[in-house]
Structure formats: C-alpha cells, structure tokens
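Right, one structure below, let's go through it.
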Amino acid sequence: MSMNITEKILARHAGEEHVKPGDLIQVKVDLALANDITAPLAIKVFEELGRNEVFDREKIALVPDHFVPNKDIPSAQQVKLVREFANRYSIKNFFELGEVGIEHVLLPEKGMIAPGDLIIGADSHTCTYGALGAFSTGVGSTDLGVIMATGETWLRVPETIKIVFNGELNRWVSGKDLILYVLKCLGVEGGIYKALEFSGDTIKELSMADRFTMANMAVEVGAKNGIFEPDDKVTEYMKDRGARDGVYLYSDPDAHYEKIVNINTGDIYPQIACPHSPDNVADVNEIGEIKLDQVFIGSCTNGRLEDLRIASQVIKGKRIAKGLRLIVIPSTPWIYKKALEEGIITTLLDAGAVIGPPCCGPCLGGHMGILAEGETALSTTNRNFKGRMGHPESKVYLSNPAVAAASAVAGKIISPEEL
Amino acid sequence: MKIEGKAWKFGNHIDTDLIIPARFLNTSDKNELAKGCFADLRPDFFAHAQEGDIIIAGTNFGCGSSREHAPVAIKACGISLVIAKGFARIFYRNAFNIGLPLLECQEAVDDIEEGDRLRIDLISGEIINQSKGTRYSATPIPEFMMNIIKAGGLVNYIKSKSMKGGVHH
C-alpha cells in the first residue's frame, strides 16, 4: 500500500510494513533532546522510574539554551541539575556555554540529524528537523523522561496535509513569508494533530535555512510535524558535518493526503503576523504605520547565517532609528564566527545593533530584551502571543529578517523596498 | 471516577504562555509553578482556585510551547479537570501524562457559566451542571488514557505495570 514520507518513517521505526493515519504505534527514537527548561522535569521522571542507565548515551542531547547564560539563581540551579545528570550518565551531547547554540539550529549543524531519522524533543519546535527529511515532533517532559529510559514512545500516525508551492518568489520573500502565508490560509488550528508536507517546484529553489524556518513553524498551525522530501540540497548540507548518510524516503505518487493546498508564490509578498496570534497575517503594505521600540533578529526560526547575511545587506551603511533597540543573536557559535568573518557583525554594530550570545534570547520573554508596558516589537521569531516577549500590555509583530532590518532603520514596519 | 467542582471559564486559544508565562519557568517545583498559573490573564486564579475546580475553555486550549509546566501548574492549583472544545496536541499528551484529565464537549463549553457547580463522571463522559440543572455528554476518555489517569500519571502507570520498553498497545 502506498504511503507518504511521514508514514514511511513512522512505519520503519515501528517495525511495521505499513501504517495509516489513526494507527497507534510504538516507535524507536533515534535522538531525544531537552533544554534547560524541560530537561529538569524529564530528569525527575527518569529518576522516578528507577532506571540505572539511559537507553543510549549517544542518542540523548541536552541543550541548555533558553535562560543561558544563566539569568538568575534558579536558572543556574536548573542547568547545574542537567549538567550533573549528563555527567552521571555519561551523556555525550551536553553542550555548555561556548559550544551551546539554539537546540534546533545546533543539532543539525553538528550533523546529529540524518534523513529518515525519528527525533523526539521536549520542545515544541523540535519539528524543525523535517527540513532534512526526518520525522520530528515535540513532547513534554514526562514523555521525554520515559524515552530517556526506554528509547521508545507511542505516537498516533497523523493525517497529512500536503502544501504545494509553485511559481517564482517575489523580491524579499523567504521561507518565513511562505510559512506565515500558510498560517494565514490554515489558521492556528488548521493542522492540529496532523503532518504538513511541503512540496512543489518552488521548494526545490529554497535554501536549507528557508526550509528549516518553514518546518520550525509547522507547530504554529498545531501540526505534529512539518516535512520536506530530501534532495541534493540536503545531501550538500549534510556534507562535512560528519553526519550519518541517513535514509532518503519519498512519498509514493499515489500516497494519501487528507487535503492538498495549492499556493501560487506569485501571490505572496513579505508577510507580517500581527498581535496576538501567528495566524493574524497580512502583507507588509497592508498594515498601516506601526511604530517600533525594539527589533529582534534571531531564534530557532531566523537566526541562521543566511538570515544575518540578508539583514546585514539591508542595513549596511545605515543607522537604526533613534530610540529603537536592535537586538541580534546568532543562533550558534559557528554562525557567530562566520558572521564575524564575513563582516556581518561589524555592519550590524555600526548600524547600532547589540549582539547577544547564542541562546533563545528575548523570543520567549525570558531575558535579554524584555518588553515594557505599551511597547511594540518586530521579531523574526515564531510566536507573538499576548505577553510572549514581556509585559502583557506589549505587542509583538513577526516578519522575515530583511523586513526586520529595514524596519529597524525606519523605526516603523516597512518593506525593504521602501528603504 | 466522579469529579465535583466550580467552573472557571476561559476563551479560545489559551496558549501555554498565558497558562504560565516564561518568567515562572526557572523552577520545576509544582507549588512554585502554581503561583504563576494564569498570572497575567487572571491574577486572582492562584489565590481563589479551590481543590476540585474545573476549567472550561474554548478551542485549541494549551497551544504553543511544549512546557509541561502548564498542566503541572493547573493541577497544582487544585484543578481536577479541563473541559474544552478542543486541545493542542502536546498539551493533550502532557496533561494525561501528569494525571490531569481532559474532556472535549462543545455543548458544555457553550452553556456552562463562570461559577457553575459541576459534577462529572469521567468514565461515561456525563457532565451535570448542578447550578442550571442541565446535562451534557462529552466524548468518553479512551480506556488507555483513563488507565493513566487512574494510576495518577504515566510514571506511576509504567511503574505499576513494571513494563519493559515503555507503554504498549
């Protein structure tokens, strides 16, 4: 029987010939990850289970990235607990400051994800790895604690929505705009419990960075995973990263989809998600004058080298608006170093930006750029829920990095074309 | 399993940042997490929620982050059950895993008002609104999930079955 790529990966990991939507299956996990917020609870669960060993010390990644460098004493205690656990069980992939980056950017960069893998993470944006043709999804700490002990978990095979992009990309349009447009079409409930499979001619032209951004935000429509069929760009990305070859799986031509959504990319201009929901999306030219107090470029959605590169191209030789704060956080140390070598960091500093150390930063209102009452920010992140980046009476708009950079210069939300 | 309590009513798309803002996530102590529960949305919640109370909410309850701190904080406030029109995927798993039952019932959510006294049979899915004298029927909780609730969460469920290799079907 025919299957799509999500079903094929799940079937392989369940040891089944065939699976179909609705099946409850027990799967083997290739990589389990948690961060400084979710790992402590998962460790507690692991310890309550009374196991002496983790299922595989090489298949667990512990990445303290949310509140690092430790922002206060309780955060320092949390990371200490994770560090001690990693030492006790000889967990190979525990990353300290200096080598730590945002989990969903760091792990693919380290070659730890291969096509066809099944990855479970105690973080909702674990779905990012679908860009490499892997199945990955977020769970909570209890599920992750059990996986650290057993290497297995149960999943319900999701129905799949196929999203087909055809056409040329308009100027300044990136993967971020495509996924924001999908949010506009489907809404934040449009993909609950489902898989999103991105395909079409336009996808072939997209960089890996664009694809990571799109898979990352699949969870914003409620989806279990977002996925792309692996191609030459995946092979190219994997090269020199010491990754396993992986298993390249493709959807059968007659695979079943619950729904197919066709999108003509010629209709898509730079998109803005307005407060307080990532599906409250409009074209940048439709939203009127929105004055800004802060712009943030970074996160697991848009803190990659390509993102910093385009921001620096837009901003080169200009100064940010007086009274506006521009915070830029390269997602990993490798990206930071490359951005230094390419002169990107100098360009951004000259424009008036502050550069933060690799971490999640202000995305979730934890630290490094929290908003005050009544303030408005434009952010390249993935969520703009009420109070997400600080005070409950602050506002967050979401965009791609080029729009964010141009808007930092203008002091209000604009298209780079207007700069 | 029978549950009785007073209703706290919420709207659609209550995300996990609203359930517990990120600034409260620097601990995993459930009593500390309880203090952050709906801290910005309903600052009176922690002080006034009573043992057994029930949350009534619209669609997509618990959307957003995977933070298990959200159902943990709700449960630690004494909440015995959440009835919603629908739940986000990760929240649904997390709630059952920590022993917080969830029911889906559109009719009940539309009709129940803040402060109504409710009596629920988790096994049959029957909801009785004692304040209004009305009844609604929710989709019953699947047997496998109900066993997790009876055990008090996934950890106890696994321990009680002392199963090798996790949960089987």
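Here's how to read the names in the structure tokens: chain A, B, ... by the order shown, residue numbers from 1 in each chain, ligand numbers from 1 in the order shown.
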Can you list, as a PyMOL selection string, all residues belonging to range 2-103 of chain B that DSSP tags as alpha helix (DSSP H)? chain B and resi 16-19+30-35+45-48+69-76+89-97
How would the residues just chosen look if you wrote them out with N, CA and C atoms as a PDB file, in the first residue's frame?
```
ATOM      1  N   THR B  16       0.119  28.360  26.086  1.00  0.00           N
ATOM      2  CA  THR B  16       0.860  27.990  27.298  1.00  0.00           C
ATOM      3  C   THR B  16       1.589  29.190  27.911  1.00  0.00           C
ATOM      4  N   ASP B  17       1.847  30.247  27.115  1.00  0.00           N
ATOM      5  CA  ASP B  17       2.418  31.464  27.703  1.00  0.00           C
ATOM      6  C   ASP B  17       1.390  32.142  28.611  1.00  0.00           C
ATOM      7  N   LEU B  18       0.098  32.017  28.270  1.00  0.00           N
ATOM      8  CA  LEU B  18      -0.941  32.572  29.140  1.00  0.00           C
ATOM      9  C   LEU B  18      -1.144  31.678  30.365  1.00  0.00           C
ATOM     10  N   ILE B  19      -1.049  30.369  30.168  1.00  0.00           N
ATOM     11  CA  ILE B  19      -1.236  29.449  31.302  1.00  0.00           C
ATOM     12  C   ILE B  19      -0.117  29.652  32.318  1.00  0.00           C
ATOM     13  N   LYS B  30       6.349  22.196  41.697  1.00  0.00           N
ATOM     14  CA  LYS B  30       4.955  22.418  41.284  1.00  0.00           C
ATOM     15  C   LYS B  30       4.249  23.480  42.127  1.00  0.00           C
ATOM     16  N   ASN B  31       4.628  23.611  43.396  1.00  0.00           N
ATOM     17  CA  ASN B  31       3.974  24.630  44.230  1.00  0.00           C
ATOM     18  C   ASN B  31       4.392  26.040  43.827  1.00  0.00           C
ATOM     19  N   GLU B  32       5.633  26.176  43.367  1.00  0.00           N
ATOM     20  CA  GLU B  32       6.099  27.459  42.840  1.00  0.00           C
ATOM     21  C   GLU B  32       5.432  27.740  41.487  1.00  0.00           C
ATOM     22  N   LEU B  33       5.340  26.704  40.647  1.00  0.00           N
ATOM     23  CA  LEU B  33       4.714  26.872  39.332  1.00  0.00           C
ATOM     24  C   LEU B  33       3.252  27.296  39.470  1.00  0.00           C
ATOM     25  N   ALA B  34       2.575  26.762  40.505  1.00  0.00           N
ATOM     26  CA  ALA B  34       1.155  27.098  40.717  1.00  0.00           C
ATOM     27  C   ALA B  34       0.963  28.604  40.859  1.00  0.00           C
ATOM     28  N   LYS B  35       1.929  29.263  41.485  1.00  0.00           N
ATOM     29  CA  LYS B  35       1.818  30.716  41.707  1.00  0.00           C
ATOM     30  C   LYS B  35       1.838  31.495  40.386  1.00  0.00           C
ATOM     31  N   PHE B  45      -6.394  33.898  40.012  1.00  0.00           N
ATOM     32  CA  PHE B  45      -6.629  32.452  39.870  1.00  0.00           C
ATOM     33  C   PHE B  45      -5.968  31.625  40.978  1.00  0.00           C
ATOM     34  N   PHE B  46      -4.665  31.869  41.180  1.00  0.00           N
ATOM     35  CA  PHE B  46      -3.927  31.059  42.158  1.00  0.00           C
ATOM     36  C   PHE B  46      -4.534  31.171  43.557  1.00  0.00           C
ATOM     37  N   ALA B  47      -4.904  32.404  43.938  1.00  0.00           N
ATOM     38  CA  ALA B  47      -5.409  32.618  45.300  1.00  0.00           C
ATOM     39  C   ALA B  47      -6.811  32.028  45.492  1.00  0.00           C
ATOM     40  N   HIS B  48      -7.611  32.003  44.410  1.00  0.00           N
ATOM     41  CA  HIS B  48      -9.017  31.637  44.591  1.00  0.00           C
ATOM     42  C   HIS B  48      -9.439  30.275  44.055  1.00  0.00           C
ATOM     43  N   HIS B  69       5.107  22.352  32.350  1.00  0.00           N
ATOM     44  CA  HIS B  69       4.826  23.210  33.498  1.00  0.00           C
ATOM     45  C   HIS B  69       3.389  23.732  33.435  1.00  0.00           C
ATOM     46  N   ALA B  70       2.806  23.814  32.227  1.00  0.00           N
ATOM     47  CA  ALA B  70       1.443  24.346  32.091  1.00  0.00           C
ATOM     48  C   ALA B  70       0.415  23.434  32.766  1.00  0.00           C
ATOM     49  N   PRO B  71       0.292  22.165  32.352  1.00  0.00           N
ATOM     50  CA  PRO B  71      -0.653  21.311  33.085  1.00  0.00           C
ATOM     51  C   PRO B  71      -0.240  21.077  34.540  1.00  0.00           C
ATOM     52  N   VAL B  72       1.068  21.057  34.805  1.00  0.00           N
ATOM     53  CA  VAL B  72       1.524  20.865  36.195  1.00  0.00           C
ATOM     54  C   VAL B  72       1.013  22.014  37.066  1.00  0.00           C
ATOM     55  N   ALA B  73       1.143  23.252  36.565  1.00  0.00           N
ATOM     56  CA  ALA B  73       0.697  24.418  37.333  1.00  0.00           C
ATOM     57  C   ALA B  73      -0.813  24.389  37.545  1.00  0.00           C
ATOM     58  N   ILE B  74      -1.551  24.012  36.501  1.00  0.00           N
ATOM     59  CA  ILE B  74      -3.016  23.937  36.599  1.00  0.00           C
ATOM     60  C   ILE B  74      -3.415  22.918  37.664  1.00  0.00           C
ATOM     61  N   LYS B  75      -2.795  21.754  37.602  1.00  0.00           N
ATOM     62  CA  LYS B  75      -3.131  20.693  38.564  1.00  0.00           C
ATOM     63  C   LYS B  75      -2.745  21.100  39.984  1.00  0.00           C
ATOM     64  N   ALA B  76      -1.593  21.762  40.105  1.00  0.00           N
ATOM     65  CA  ALA B  76      -1.112  22.164  41.434  1.00  0.00           C
ATOM     66  C   ALA B  76      -1.994  23.249  42.054  1.00  0.00           C
ATOM     67  N   ARG B  89      -2.111  19.562  20.622  1.00  0.00           N
ATOM     68  CA  ARG B  89      -1.600  18.189  20.679  1.00  0.00           C
ATOM     69  C   ARG B  89      -0.672  17.902  21.858  1.00  0.00           C
ATOM     70  N   ILE B  90       0.354  18.746  22.029  1.00  0.00           N
ATOM     71  CA  ILE B  90       1.347  18.441  23.062  1.00  0.00           C
ATOM     72  C   ILE B  90       0.724  18.593  24.447  1.00  0.00           C
ATOM     73  N   PHE B  91      -0.121  19.632  24.614  1.00  0.00           N
ATOM     74  CA  PHE B  91      -0.780  19.827  25.898  1.00  0.00           C
ATOM     75  C   PHE B  91      -1.623  18.593  26.252  1.00  0.00           C
ATOM     76  N   TYR B  92      -2.310  18.046  25.263  1.00  0.00           N
ATOM     77  CA  TYR B  92      -3.171  16.876  25.491  1.00  0.00           C
ATOM     78  C   TYR B  92      -2.368  15.715  26.073  1.00  0.00           C
ATOM     79  N   ARG B  93      -1.234  15.418  25.432  1.00  0.00           N
ATOM     80  CA  ARG B  93      -0.356  14.343  25.916  1.00  0.00           C
ATOM     81  C   ARG B  93       0.152  14.643  27.311  1.00  0.00           C
ATOM     82  N   ASN B  94       0.658  15.885  27.498  1.00  0.00           N
ATOM     83  CA  ASN B  94       1.267  16.260  28.771  1.00  0.00           C
ATOM     84  C   ASN B  94       0.276  16.140  29.922  1.00  0.00           C
ATOM     85  N   ALA B  95      -0.965  16.606  29.698  1.00  0.00           N
ATOM     86  CA  ALA B  95      -1.958  16.610  30.766  1.00  0.00           C
ATOM     87  C   ALA B  95      -2.227  15.186  31.244  1.00  0.00           C
ATOM     88  N   PHE B  96      -2.486  14.279  30.322  1.00  0.00           N
ATOM     89  CA  PHE B  96      -2.738  12.892  30.730  1.00  0.00           C
ATOM     90  C   PHE B  96      -1.493  12.291  31.384  1.00  0.00           C
ATOM     91  N   ASN B  97      -0.329  12.592  30.826  1.00  0.00           N
ATOM     92  CA  ASN B  97       0.915  12.039  31.390  1.00  0.00           C
ATOM     93  C   ASN B  97       1.122  12.419  32.847  1.00  0.00           C
TER      94      ASN B  97
END
```
List as JSON, numbers by chain the protein and nucleic acid residues near Gly191 in chain A, meaning an atom at most 7 Å away when only C-alpha atoms are counted, but skip any in the same chain fewer than 4 places from it. {"A": [221, 222, 223]}
Quick one: distance from CA of Asp279 in chain A to CA of Ile161 in chain A in Å, one decimal?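 Interatomic distance, CA of Asp279 in chain A to CA of Ile161 in chain A: 17.2 Å.
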Fewer than 5 positions away in the same chain doesn't count, so skip those; otherwise give me all residues within 10 Å of Lys71 in chain A, counting only C-alpha atoms, as a PyMOL selection string. (chain A and resi 66+76+366-368) or (chain B and resi 26)
Across B:Ser66, B:Asn129, B:Ser137, B:Ser80, the smallest distance to Ile54 in chain B, with only C-alpha atoms counted, is shown by B:Ser80
I want to know what sits within 10 Å of range 334-341 of chain A, based on only C-alpha atoms, with residues of the same chain fewer than 4 positions away left out; could you give that as a list in words?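 My reading of the contact set: Gly98, Glu99, Val100, Gly101, Val105, Leu106, Glu109, Lys110, Gly303, Arg304, Leu305, Glu306, Leu308, Arg309, Ser312, Ile329, Pro330, Ile345, Thr346, Thr347, Ile355, Gly356, Pro357 and Pro358 of chain A.
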For Pro416 in chain A, work out the shell of residues within 10 Å, counting only C-alpha atoms and skipping chain neighbours fewer than 6 positions away, then give it as a PDB file with C-alpha atoms, in the first residue's frame.
```
ATOM      1  CA  ARG A 171      11.581  40.139  -4.125  1.00  0.00           C
ATOM      2  CA  TRP A 172      12.311  39.957  -0.344  1.00  0.00           C
ATOM      3  CA  PRO A 270       6.619  39.935   2.634  1.00  0.00           C
ATOM      4  CA  VAL A 284       3.621  44.276   4.893  1.00  0.00           C
ATOM      5  CA  ALA A 311      19.774  41.615   7.492  1.00  0.00           C
ATOM      6  CA  VAL A 314      19.701  45.607   4.033  1.00  0.00           C
ATOM      7  CA  ILE A 315      21.186  47.617   6.890  1.00  0.00           C
ATOM      8  CA  PRO A 401      14.937  39.197   8.716  1.00  0.00           C
ATOM      9  CA  ALA A 402      15.054  41.599   5.718  1.00  0.00           C
ATOM     10  CA  VAL A 403      11.840  43.311   6.800  1.00  0.00           C
ATOM     11  CA  ALA A 404      13.093  43.380  10.407  1.00  0.00           C
ATOM     12  CA  ALA A 405      16.373  45.062   9.384  1.00  0.00           C
ATOM     13  CA  ALA A 406      14.678  47.644   7.158  1.00  0.00           C
ATOM     14  CA  SER A 407      12.122  48.402   9.883  1.00  0.00           C
ATOM     15  CA  VAL A 409      16.278  51.659  10.248  1.00  0.00           C
ATOM     16  CA  ALA A 410      12.859  53.225   9.596  1.00  0.00           C
TER      17      ALA A 410
END
```
Chain A residues within 8 Å of chain B, counting only C-alpha atoms: which ones, as a short mmCIF file (atom, residue, chain, number, x, y, z; two decimals) with N, CA and C atoms, in the first residue's frame?
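And here is the file that came out, selection15.cif:
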```
data_model
loop_
_atom_site.label_atom_id
_atom_site.label_comp_id
_atom_site.auth_asym_id
_atom_site.auth_seq_id
_atom_site.Cartn_x
_atom_site.Cartn_y
_atom_site.Cartn_z
N LEU A 24 -2.20 3.70 16.32
CA LEU A 24 -1.35 3.99 17.47
C LEU A 24 -0.17 3.05 17.39
N ILE A 25 1.04 3.61 17.36
CA ILE A 25 2.22 2.77 17.16
C ILE A 25 3.27 3.05 18.24
N GLN A 26 4.10 2.05 18.49
CA GLN A 26 5.22 2.18 19.41
C GLN A 26 6.46 2.33 18.54
N ILE A 37 14.85 24.23 30.33
CA ILE A 37 13.52 24.35 30.96
C ILE A 37 12.85 22.99 31.09
N THR A 38 12.98 22.18 30.02
CA THR A 38 12.22 20.92 30.02
C THR A 38 13.01 19.73 30.58
N PRO A 40 14.99 19.42 33.35
CA PRO A 40 14.90 19.11 34.77
C PRO A 40 13.67 18.26 35.14
N LEU A 41 12.51 18.58 34.55
CA LEU A 41 11.31 17.78 34.82
C LEU A 41 11.45 16.37 34.25
N VAL A 45 11.39 12.62 36.16
CA VAL A 45 10.60 11.46 35.71
C VAL A 45 11.52 10.25 35.52
N GLU A 48 12.39 8.85 38.85
CA GLU A 48 11.26 8.16 39.49
C GLU A 48 11.06 6.77 38.92
N LEU A 49 11.45 6.58 37.65
CA LEU A 49 11.29 5.26 37.03
C LEU A 49 12.31 4.27 37.57
N PRO A 74 17.76 30.52 40.29
CA PRO A 74 17.01 29.30 39.94
C PRO A 74 17.41 28.73 38.58
N SER A 75 17.68 29.60 37.59
CA SER A 75 18.11 29.10 36.27
C SER A 75 19.46 28.40 36.36
N GLN A 78 18.95 25.01 37.68
CA GLN A 78 18.37 24.10 36.68
C GLN A 78 19.47 23.54 35.78
N ALA A 122 11.73 17.53 23.89
CA ALA A 122 10.88 18.25 24.83
C ALA A 122 11.00 19.74 24.53
N ASP A 123 10.51 20.08 23.35
CA ASP A 123 10.41 21.48 22.92
C ASP A 123 9.52 21.47 21.69
N SER A 124 8.56 22.37 21.65
CA SER A 124 7.56 22.29 20.57
C SER A 124 8.17 22.51 19.19
N HIS A 125 9.30 23.24 19.12
CA HIS A 125 9.88 23.50 17.80
C HIS A 125 10.83 22.40 17.31
N GLY A 138 7.55 17.54 18.93
CA GLY A 138 7.73 17.96 20.31
C GLY A 138 6.81 17.20 21.25
N VAL A 139 7.30 16.96 22.45
CA VAL A 139 6.50 16.35 23.52
C VAL A 139 6.82 17.11 24.80
N GLY A 140 6.20 16.70 25.89
CA GLY A 140 6.51 17.30 27.18
C GLY A 140 7.58 16.51 27.91
N SER A 141 7.82 16.89 29.16
CA SER A 141 8.94 16.32 29.90
C SER A 141 8.71 14.88 30.33
N THR A 142 7.46 14.53 30.68
CA THR A 142 7.21 13.15 31.11
C THR A 142 7.48 12.18 29.97
N ASP A 143 6.94 12.49 28.79
CA ASP A 143 7.22 11.63 27.63
C ASP A 143 8.72 11.50 27.42
N VAL A 146 10.51 9.26 29.98
CA VAL A 146 10.28 7.84 29.68
C VAL A 146 11.16 7.41 28.49
N ILE A 147 11.27 8.29 27.49
CA ILE A 147 12.11 7.95 26.33
C ILE A 147 13.59 7.82 26.75
N THR A 150 13.72 4.35 28.03
CA THR A 150 13.36 3.19 27.21
C THR A 150 13.76 3.30 25.74
N GLY A 151 13.97 4.54 25.26
CA GLY A 151 14.29 4.71 23.84
C GLY A 151 13.09 4.56 22.93
N GLU A 152 11.90 4.49 23.54
CA GLU A 152 10.69 4.31 22.74
C GLU A 152 9.58 5.23 23.22
N THR A 153 8.62 5.47 22.33
CA THR A 153 7.42 6.18 22.73
C THR A 153 6.26 5.75 21.84
N TRP A 154 5.04 6.16 22.23
CA TRP A 154 3.89 5.85 21.37
C TRP A 154 3.48 7.09 20.61
N GLU A 189 -5.41 26.55 14.16
CA GLU A 189 -5.98 25.22 14.46
C GLU A 189 -6.02 24.33 13.23
N ILE A 192 -4.02 20.85 13.57
CA ILE A 192 -3.88 20.16 14.86
C ILE A 192 -3.80 18.64 14.66
N TYR A 193 -2.79 18.02 15.28
CA TYR A 193 -2.53 16.56 15.25
C TYR A 193 -2.04 16.07 13.89
N VAL A 219 4.39 23.75 13.85
CA VAL A 219 3.66 23.62 15.12
C VAL A 219 2.72 24.81 15.34
N GLU A 220 2.98 25.91 14.67
CA GLU A 220 2.11 27.08 14.84
C GLU A 220 0.73 26.88 14.24
N GLY A 222 -0.57 24.00 14.73
CA GLY A 222 -0.97 22.89 15.59
C GLY A 222 -0.44 21.55 15.13
N ALA A 223 0.39 21.55 14.07
CA ALA A 223 0.80 20.27 13.47
C ALA A 223 1.77 19.49 14.34
N LYS A 224 1.78 18.18 14.10
CA LYS A 224 2.70 17.29 14.81
C LYS A 224 4.09 17.40 14.21
N LEU A 364 11.10 34.23 24.07
CA LEU A 364 10.03 33.82 24.99
C LEU A 364 9.98 34.71 26.23
N GLY A 365 10.51 35.91 26.11
CA GLY A 365 10.38 36.84 27.23
C GLY A 365 11.12 36.40 28.47
N GLY A 366 12.15 35.58 28.28
CA GLY A 366 12.90 35.08 29.43
C GLY A 366 13.91 36.08 29.93
N ARG A 383 6.40 33.18 17.53
CA ARG A 383 5.14 33.34 18.27
C ARG A 383 4.99 34.77 18.74
N PHE A 385 2.15 35.60 20.83
CA PHE A 385 1.07 35.53 21.82
C PHE A 385 1.16 36.74 22.75
N LYS A 386 0.03 37.06 23.36
CA LYS A 386 -0.02 38.19 24.30
C LYS A 386 1.00 37.98 25.42
N GLY A 387 1.86 38.96 25.60
CA GLY A 387 2.84 38.88 26.69
C GLY A 387 4.02 37.97 26.42
N ARG A 388 4.09 37.40 25.22
CA ARG A 388 5.16 36.43 24.91
C ARG A 388 6.56 36.99 25.17
N PRO A 392 2.40 41.98 29.64
CA PRO A 392 1.16 41.57 28.96
C PRO A 392 0.57 42.67 28.07
#
```
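Per DSSP on the backbone, strand (DSSP E) in range 108-175 of chain A comprises Leu118, Ile119, Ile120, Gly121, Ala122, Phe135, Ser136, Thr137, Gly138, Glu152, Thr153, Trp154, Leu155, Arg156, Thr160, Ile161, Lys162, Ile163, Val164, Phe165 and Asn166 of chain A.
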Could you write those residues out with C-alpha atoms, as a compact mmCIF listing (two decimals), in the first residue's frame?
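Output file part04.txt is given in full below:
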```txt
# COMPACT_ATOMS: atom_id res chain seq x y z
CA LEU A 118 12.84 9.91 14.12
CA ILE A 119 13.58 12.62 16.67
CA ILE A 120 11.55 13.46 19.76
CA GLY A 121 12.26 16.61 21.72
CA ALA A 122 10.88 18.25 24.83
CA PHE A 135 10.24 12.94 11.31
CA SER A 136 10.50 15.08 14.41
CA THR A 137 8.00 16.28 16.94
CA GLY A 138 7.73 17.96 20.31
CA GLU A 152 10.69 4.31 22.74
CA THR A 153 7.42 6.18 22.73
CA TRP A 154 3.89 5.85 21.37
CA LEU A 155 2.56 8.01 18.57
CA ARG A 156 -0.68 8.32 16.67
CA THR A 160 -1.15 14.63 6.26
CA ILE A 161 -1.90 17.96 4.63
CA LYS A 162 0.20 18.49 1.51
CA ILE A 163 1.09 22.08 0.72
CA VAL A 164 2.24 22.60 -2.84
CA PHE A 165 4.11 25.79 -3.74
CA ASN A 166 4.51 26.73 -7.38
```
Which residues come within 10 Å of Ala49 in chain B, counting only C-alpha atoms, excluding same-chain residues fewer than 6 positions away, as a PyMOL selection string? chain B and resi 6-8+55+74+77-79
Atoms kept (C-alpha atoms) for selection, written as a PDB file, in the first residue's frame:
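Ended up saving to part_30.pdb:
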```
ATOM      1  CA  LYS B   6     -16.857  25.033  40.395  1.00  0.00           C
ATOM      2  CA  ALA B   7     -16.301  26.276  36.836  1.00  0.00           C
ATOM      3  CA  TRP B   8     -13.628  28.786  35.771  1.00  0.00           C
ATOM      4  CA  ILE B  55     -11.574  24.815  33.849  1.00  0.00           C
ATOM      5  CA  ILE B  74      -3.016  23.937  36.599  1.00  0.00           C
ATOM      6  CA  CYS B  77      -3.769  24.898  41.765  1.00  0.00           C
ATOM      7  CA  GLY B  78      -6.255  22.135  42.611  1.00  0.00           C
ATOM      8  CA  ILE B  79      -7.928  21.900  39.209  1.00  0.00           C
TER       9      ILE B  79
END
```
Between CA of Ala42 in chain A and CA of Phe67 in chain A - distance in Å to one decimal: 17.2 Å
